[in-house]
file data-v9.csv (CSV, C-alpha atoms)
chain,number,residue,atom,x,y,z
A,1,MET,CA,-118.5,22.8,127.2
A,2,MET,CA,-118.2,25.5,129.9
A,3,ILE,CA,-121.5,24.5,131.5
A,4,THR,CA,-120.3,20.9,131.6
A,5,GLU,CA,-117.0,21.9,133.2
A,6,ARG,CA,-118.7,24.1,135.8
A,7,ALA,CA,-121.0,21.2,136.8
A,8,GLY,CA,-117.9,18.9,137.3
A,9,LEU,CA,-118.9,16.7,134.3
A,10,ARG,CA,-116.4,15.0,132.0
A,11,ARG,CA,-118.9,14.8,129.1
A,12,PHE,CA,-122.3,16.2,128.1
A,13,PRO,CA,-125.1,13.7,129.0
A,14,VAL,CA,-126.5,13.1,125.5
A,15,VAL,CA,-128.5,10.0,126.3
A,16,THR,CA,-129.9,11.5,129.4
A,17,VAL,CA,-131.1,14.5,127.5
A,18,VAL,CA,-132.7,12.4,124.7
A,19,VAL,CA,-134.6,10.1,127.1
A,20,PHE,CA,-135.6,13.1,129.2
A,21,ALA,CA,-137.0,14.9,126.1
A,22,ALA,CA,-138.9,11.8,125.0
A,23,THR,CA,-140.4,11.2,128.4
A,24,ALA,CA,-141.3,14.9,128.9
A,25,ALA,CA,-143.0,14.9,125.5
A,26,VAL,CA,-145.2,11.9,126.4
A,27,ASN,CA,-145.9,13.5,129.7
A,28,LEU,CA,-147.2,16.6,128.1
A,29,LEU,CA,-149.3,14.6,125.7
A,30,GLN,CA,-150.6,12.7,128.7
A,31,PHE,CA,-151.9,15.8,130.4
A,32,ALA,CA,-153.2,17.3,127.2
A,33,VAL,CA,-155.0,14.3,125.7
A,34,HIS,CA,-157.5,12.3,127.8
A,35,GLY,CA,-156.9,8.5,127.8
A,36,VAL,CA,-153.1,8.5,127.1
A,37,LEU,CA,-152.3,7.4,130.6
A,38,ALA,CA,-154.9,4.7,130.6
A,39,GLY,CA,-153.7,3.4,127.2
A,40,LEU,CA,-150.0,3.3,128.1
A,41,GLU,CA,-149.7,2.5,131.8
A,42,ARG,CA,-149.1,-0.9,133.3
A,43,THR,CA,-152.2,-2.9,133.8
A,44,PRO,CA,-153.0,-6.6,134.0
A,45,ALA,CA,-153.8,-6.4,130.3
A,46,GLY,CA,-150.0,-6.1,129.7
A,47,LEU,CA,-149.9,-9.8,130.3
A,48,HIS,CA,-152.8,-10.6,128.1
A,49,GLY,CA,-152.1,-9.0,124.7
A,50,ASP,CA,-151.2,-5.4,125.5
A,51,TRP,CA,-147.5,-6.2,125.5
A,52,TRP,CA,-146.4,-2.6,124.8
A,53,ARG,CA,-147.5,-1.6,128.3
A,54,SER,CA,-144.4,-3.1,129.7
A,55,VAL,CA,-142.4,-0.5,127.8
A,56,THR,CA,-144.7,2.5,127.5
A,57,SER,CA,-145.5,2.6,131.2
A,58,LEU,CA,-141.9,3.9,131.6
A,59,PHE,CA,-142.9,7.1,129.7
A,60,VAL,CA,-146.2,8.0,131.4
A,61,GLN,CA,-146.6,9.1,135.0
A,62,ASP,CA,-149.3,8.2,137.5
A,63,GLY,CA,-148.3,10.7,140.2
A,64,GLY,CA,-149.9,13.8,138.8
A,65,VAL,CA,-148.1,17.0,138.1
A,66,ALA,CA,-145.9,16.8,141.3
A,67,GLY,CA,-144.8,13.3,140.6
A,68,THR,CA,-144.1,14.0,137.0
A,69,VAL,CA,-141.9,17.0,137.8
A,70,SER,CA,-140.1,15.1,140.4
A,71,ASN,CA,-139.4,12.1,138.2
A,72,LEU,CA,-138.3,14.3,135.3
A,73,LEU,CA,-135.9,16.3,137.5
A,74,PHE,CA,-134.4,13.1,139.0
A,75,LEU,CA,-134.1,11.6,135.6
A,76,LEU,CA,-132.0,14.6,134.5
A,77,LEU,CA,-129.9,14.6,137.7
A,78,MET,CA,-129.4,10.8,138.2
A,79,GLY,CA,-129.1,10.2,134.4
A,80,THR,CA,-126.3,12.9,134.1
A,81,VAL,CA,-124.4,11.4,137.0
A,82,ALA,CA,-124.7,7.8,135.7
A,83,GLU,CA,-123.6,8.9,132.2
A,84,GLN,CA,-120.3,10.1,133.6
A,85,VAL,CA,-119.4,6.5,134.7
A,86,LEU,CA,-121.3,4.3,132.3
A,87,SER,CA,-121.0,4.0,128.5
A,88,ARG,CA,-124.0,5.1,126.7
A,89,SER,CA,-125.0,1.6,125.7
A,90,ARG,CA,-124.7,0.5,129.4
A,91,TRP,CA,-126.8,3.5,130.5
A,92,LEU,CA,-129.6,2.4,128.1
A,93,ILE,CA,-129.3,-1.3,129.2
A,94,GLN,CA,-129.4,-0.3,132.9
A,95,TYR,CA,-132.3,2.1,132.5
A,96,PHE,CA,-134.6,0.2,130.1
A,97,GLY,CA,-133.4,-3.4,131.0
A,98,VAL,CA,-134.1,-3.1,134.7
A,99,GLY,CA,-137.1,-0.8,134.0
A,100,VAL,CA,-138.9,-3.3,131.8
A,101,ALA,CA,-137.9,-6.2,134.1
A,102,CYS,CA,-139.5,-4.4,137.1
A,103,GLU,CA,-142.7,-3.9,135.2
A,104,PHE,CA,-143.2,-7.7,135.5
A,105,VAL,CA,-142.5,-7.4,139.3
A,106,GLY,CA,-145.1,-4.6,139.2
A,107,TYR,CA,-147.7,-6.9,137.6
A,108,ALA,CA,-147.5,-9.0,140.8
A,109,TRP,CA,-147.1,-6.2,143.4
A,110,GLN,CA,-148.6,-3.1,141.9
A,111,PRO,CA,-150.5,-4.3,138.8
A,112,THR,CA,-151.7,-0.8,137.8
A,113,GLY,CA,-149.4,2.2,137.4
A,114,GLY,CA,-146.8,4.1,135.4
A,115,GLY,CA,-143.7,6.1,135.8
A,116,ASN,CA,-140.0,6.1,135.1
A,117,SER,CA,-139.0,6.1,138.7
A,118,ILE,CA,-138.1,2.4,138.6
A,119,ALA,CA,-135.8,3.0,135.7
A,120,ILE,CA,-134.1,5.9,137.7
A,121,CYS,CA,-133.7,3.3,140.5
A,122,ALA,CA,-131.7,1.2,138.1
A,123,LEU,CA,-129.4,4.1,137.4
A,124,ALA,CA,-129.1,4.7,141.2
A,125,GLY,CA,-127.9,1.1,141.6
A,126,ALA,CA,-125.1,1.7,139.1
A,127,VAL,CA,-124.1,5.0,140.7
A,128,ALA,CA,-124.0,3.4,144.1
A,129,LEU,CA,-121.5,0.8,142.8
A,130,THR,CA,-119.2,3.4,141.4
A,131,LEU,CA,-119.5,5.4,144.6
A,132,TRP,CA,-118.6,2.3,146.6
A,133,ARG,CA,-115.5,2.1,144.4
A,134,ASP,CA,-114.8,5.8,144.9
A,135,ASP,CA,-114.8,6.4,141.2
A,136,PRO,CA,-113.1,9.8,140.5
A,137,ARG,CA,-115.3,10.4,137.5
A,138,LEU,CA,-118.3,11.1,139.7
A,139,PRO,CA,-119.2,14.8,140.1
A,140,ASP,CA,-119.0,16.2,143.7
A,141,TRP,CA,-122.8,16.5,143.9
A,142,ALA,CA,-123.4,12.8,143.0
A,143,THR,CA,-123.8,11.8,146.7
A,144,LEU,CA,-126.5,14.4,147.3
A,145,VAL,CA,-128.5,13.2,144.3
A,146,LEU,CA,-128.2,9.6,145.4
A,147,LEU,CA,-129.3,10.4,149.0
A,148,LEU,CA,-132.1,12.6,147.9
A,149,TRP,CA,-133.4,9.8,145.7
A,150,CYS,CA,-133.2,7.4,148.6
A,151,GLY,CA,-135.3,9.8,150.7
A,152,ALA,CA,-137.8,10.2,147.9
A,153,MET,CA,-138.1,6.4,147.6
A,154,ILE,CA,-138.7,6.1,151.4
A,155,GLY,CA,-141.6,8.6,150.8
A,156,THR,CA,-143.2,6.1,148.3
A,157,LEU,CA,-143.6,3.7,151.3
A,158,TRP,CA,-144.5,6.2,154.0
A,159,SER,CA,-145.7,9.5,152.6
A,160,ALA,CA,-145.5,11.2,156.0
A,161,ALA,CA,-141.8,10.4,156.2
A,162,SER,CA,-141.0,11.9,152.8
A,163,ALA,CA,-140.1,15.4,153.8
A,164,PRO,CA,-138.2,14.4,157.0
A,165,ALA,CA,-136.3,11.8,155.0
A,166,ILE,CA,-135.3,14.3,152.3
A,167,VAL,CA,-134.2,16.9,155.0
A,168,ALA,CA,-132.2,14.2,156.7
A,169,CYS,CA,-130.6,13.2,153.4
A,170,VAL,CA,-129.6,16.8,152.7
A,171,ALA,CA,-128.0,17.1,156.2
A,172,ALA,CA,-126.2,13.7,155.7
A,173,SER,CA,-124.9,14.9,152.4
A,174,ALA,CA,-123.5,18.0,154.0
A,175,LEU,CA,-121.8,16.0,156.7
A,176,ILE,CA,-120.4,13.6,154.1
A,177,ARG,CA,-118.9,16.5,152.2
A,178,VAL,CA,-117.2,17.8,155.4
A,179,GLY,CA,-115.9,14.3,156.1
A,180,LYS,CA,-114.5,14.0,152.6
A,181,GLU,CA,-112.7,17.4,153.0
A,182,ARG,CA,-111.2,16.1,156.2
A,183,GLY,CA,-110.0,12.8,154.5
A,184,ILE,CA,-112.6,10.6,156.2
A,185,ALA,CA,-113.7,7.7,153.9
A,186,VAL,CA,-117.5,8.0,153.8
A,187,HIS,CA,-118.3,6.8,150.3
A,188,ARG,CA,-118.9,3.2,151.1
A,189,PRO,CA,-121.5,3.7,153.9
A,190,THR,CA,-123.2,6.2,151.6
A,191,ALA,CA,-123.4,3.7,148.8
A,192,LEU,CA,-124.9,1.1,151.1
A,193,ALA,CA,-127.9,3.3,151.5
A,194,VAL,CA,-129.2,2.2,148.1
A,195,PRO,CA,-129.4,-1.5,148.7
A,196,LEU,CA,-130.6,-1.0,152.2
A,197,VAL,CA,-133.5,1.2,151.1
A,198,GLY,CA,-134.1,-1.3,148.3
A,199,ALA,CA,-134.3,-4.2,150.8
A,200,VAL,CA,-136.8,-2.3,153.1
A,201,LEU,CA,-139.0,-1.4,150.1
A,202,ALA,CA,-138.8,-4.9,148.6
A,203,VAL,CA,-139.9,-6.5,151.9
A,204,ALA,CA,-143.0,-4.2,151.8
A,205,GLN,CA,-143.5,-5.3,148.2
A,206,ASN,CA,-142.9,-1.8,146.8
A,207,ILE,CA,-141.8,-2.0,143.2
A,208,HIS,CA,-139.1,0.6,143.8
A,209,GLY,CA,-137.3,-1.8,146.2
A,210,ALA,CA,-137.0,-4.4,143.5
A,211,ALA,CA,-135.8,-1.8,141.0
A,212,LEU,CA,-133.0,-0.6,143.4
A,213,LEU,CA,-131.9,-4.1,144.1
A,214,LEU,CA,-132.0,-5.2,140.5
A,215,GLY,CA,-130.1,-2.1,139.5
A,216,CYS,CA,-127.3,-2.9,142.0
A,217,ALA,CA,-127.3,-6.5,140.8
A,218,LEU,CA,-127.0,-5.7,137.2
A,219,ALA,CA,-124.2,-3.2,137.8
A,220,LEU,CA,-122.3,-5.8,139.8
A,221,LEU,CA,-122.9,-8.4,137.2
A,222,VAL,CA,-121.3,-6.4,134.3
A,223,ALA,CA,-118.7,-4.6,136.3
A,224,ARG,CA,-115.1,-5.5,135.7
A,225,ASP,CA,-112.2,-5.2,138.1
A,226,ARG,CA,-110.8,-1.7,138.2
A,227,GLN,CA,-107.4,-1.1,136.6
A,228,PRO,CA,-105.0,0.9,138.7
A,229,ILE,CA,-103.1,3.7,137.1
A,230,SER,CA,-99.4,3.2,137.9
A,231,GLN,CA,-97.8,5.3,140.5
A,232,THR,CA,-96.0,8.4,139.5
A,233,ALA,CA,-92.3,8.9,140.0
A,234,THR,CA,-93.1,11.1,143.0
A,235,GLY,CA,-94.5,8.1,144.8
A,236,SER,CA,-98.0,9.5,145.0
A,237,HIS,CA,-100.9,7.0,145.6
A,238,SER,CA,-102.3,5.3,142.5
A,239,ILE,CA,-105.8,6.2,141.3
A,240,GLU,CA,-108.2,3.5,140.3
A,241,ARG,CA,-110.8,4.1,137.8
A,242,SER,CA,-113.9,2.0,137.6
A,243,SER,CA,-114.5,0.1,134.4
A,244,VAL,CA,-118.3,-0.2,134.8
A,245,ALA,CA,-118.5,1.6,131.4
call {"tool": "encode", "arguments": {"input": "data-v9.csv", "output": "structure tokens"}}
result
Amino acid sequence: MMITERAGLRRFPVVTVVVFAATAAVNLLQFAVHGVLAGLERTPAGLHGDWWRSVTSLFVQDGGVAGTVSNLLFLLLMGTVAEQVLSRSRWLIQYFGVGVACEFVGYAWQPTGGGNSIAICALAGAVALTLWRDDPRLPDWATLVLLLWCGAMIGTLWSAASAPAIVACVAASALIRVGKERGIAVHRPTALAVPLVGAVLAVAQNIHGAALLLGCALALLVARDRQPISQTATGSHSIERSSVA
């Protein structure tokens, strides 16, 4: 409980931890046993009998050790943020629903591969919507995670731009924090980074672009209007809470 409170979280991310543990276990098996990646990743055979590949490809990684560590770390971070504003069932639908849907985009654009990055993109779409709505349940570090993920996704298109993009995102996050402390509304421009990066990647037929856009679309589809909390007797401004959950 103390760790949760110190991290600015309203609840412990149970679903995130379970999915993280399952994915990490498969990743360890992948590196320990030859043939696991080849047997579970997305290949054209997924459309010709090996139907399980459309799901199991979310649990293996084709980016080596570095890609595996990066994806697991972002799963833990983005998943934790998303679980503060989504119900656990909505988290699972967002993660696996968009993840599996984008596997079929992958069959057209990138027919061979594996990784949970597209599912993380789906969570990023939901987090972007709640950031747009300035949901008070988001932890203070949610903006940094979202921008870092956008930088990492740019790196999937232009590897040489990966490091500069991440540095720029860290700097932007610091500026956003300063702006927020001074009462400057910066949450909506920040949230727009997700669909904008998604559009750029989609034009380049990068599977992560489709995942970011579908993640945003699903979050918009199921989101309901926010219900304002009535003003207090002191006349303070009302606070609106997102009901994406």
call {"tool": "residues_around", "arguments": {"input": "data-v9.csv", "residues": "stretch 119-126 of chain A", "least_positions_apart": "2", "cutoff": "8 Å", "atoms": "only C-alpha atoms", "output": "PyMOL selection string"}}
result
chain A and resi 58+74-75+78-79+82+91+94-96+98-99+116-117+128-130+146+194-195+208+211-219
call {"tool": "closest_residue", "arguments": {"input": "data-v9.csv", "among": "A:Ile176, A:Leu131, A:Leu221, A:Leu144", "to": "A:Val85", "atoms": "only C-alpha atoms"}}
result
A:Leu131
call {"tool": "atom_distance", "arguments": {"input": "data-v9.csv", "atom1": "atom CA of A:Gly114", "atom2": "atom CA of A:Gly151"}}
result
20.0 Å
call {"tool": "atom_distance", "arguments": {"input": "data-v9.csv", "atom1": "atom CA of A:Asp62", "atom2": "atom CA of A:Gly115"}}
result
6.2 Å
call {"tool": "atom_distance", "arguments": {"input": "data-v9.csv", "atom1": "atom CA of A:Trp132", "atom2": "atom CA of A:Leu86"}}
result
14.7 Å
call {"tool": "residues_around", "arguments": {"input": "data-v9.csv", "residues": "A:Gly35", "least_positions_apart": "6", "cutoff": "12 Å", "atoms": "all atoms listed in the file", "output": "PyMOL selection string"}}
result
chain A and resi 29+41+60
call {"tool": "residues_around", "arguments": {"input": "data-v9.csv", "residues": "A:Leu9", "least_positions_apart": "4", "cutoff": "8 Å", "atoms": "all atoms listed in the file", "output": "PDB file with C-alpha atoms, in the coordinates of the input"}}
result
ATOM      1  CA  THR A   4    -120.300  20.900 131.600  1.00  0.00           C
ATOM      2  CA  GLU A   5    -117.000  21.900 133.200  1.00  0.00           C
ATOM      3  CA  GLN A  84    -120.300  10.100 133.600  1.00  0.00           C
ATOM      4  CA  ARG A 137    -115.300  10.400 137.500  1.00  0.00           C
ATOM      5  CA  LEU A 138    -118.300  11.100 139.700  1.00  0.00           C
ATOM      6  CA  PRO A 139    -119.200  14.800 140.100  1.00  0.00           C
TER       7      PRO A 139
END
call {"tool": "closest_residue", "arguments": {"input": "data-v9.csv", "among": "A:Pro13, A:Pro189, A:Gly155, A:Gly209", "to": "A:Gly67", "atoms": "all atoms listed in the file"}}
result
A:Gly155
call {"tool": "closest_residue", "arguments": {"input": "data-v9.csv", "among": "A:Trp158, A:Phe31, A:Phe12, A:Phe59", "to": "A:Asn206", "atoms": "only C-alpha atoms"}}
result
A:Trp158
call {"tool": "closest_residue", "arguments": {"input": "data-v9.csv", "among": "A:Ala199, A:Ile154, A:Val19, A:Ile118", "to": "A:Gly106", "atoms": "all atoms listed in the file"}}
result
A:Ile118
call {"tool": "closest_residue", "arguments": {"input": "data-v9.csv", "among": "A:Pro136, A:Pro111, A:Pro164, A:Gly63", "to": "A:Ile207", "atoms": "only C-alpha atoms"}}
result
A:Pro111
call {"tool": "closest_residue", "arguments": {"input": "data-v9.csv", "among": "A:Val167, A:Val81, A:Val69, A:Val197", "to": "A:Cys150", "atoms": "only C-alpha atoms"}}
result
A:Val197
call {"tool": "residues_around", "arguments": {"input": "data-v9.csv", "residues": "A:Gln205", "least_positions_apart": "4", "cutoff": "12 Å", "atoms": "all atoms listed in the file", "output": "PyMOL selection string"}}
result
chain A and resi 102+105-111+156-157+198-201+209-211
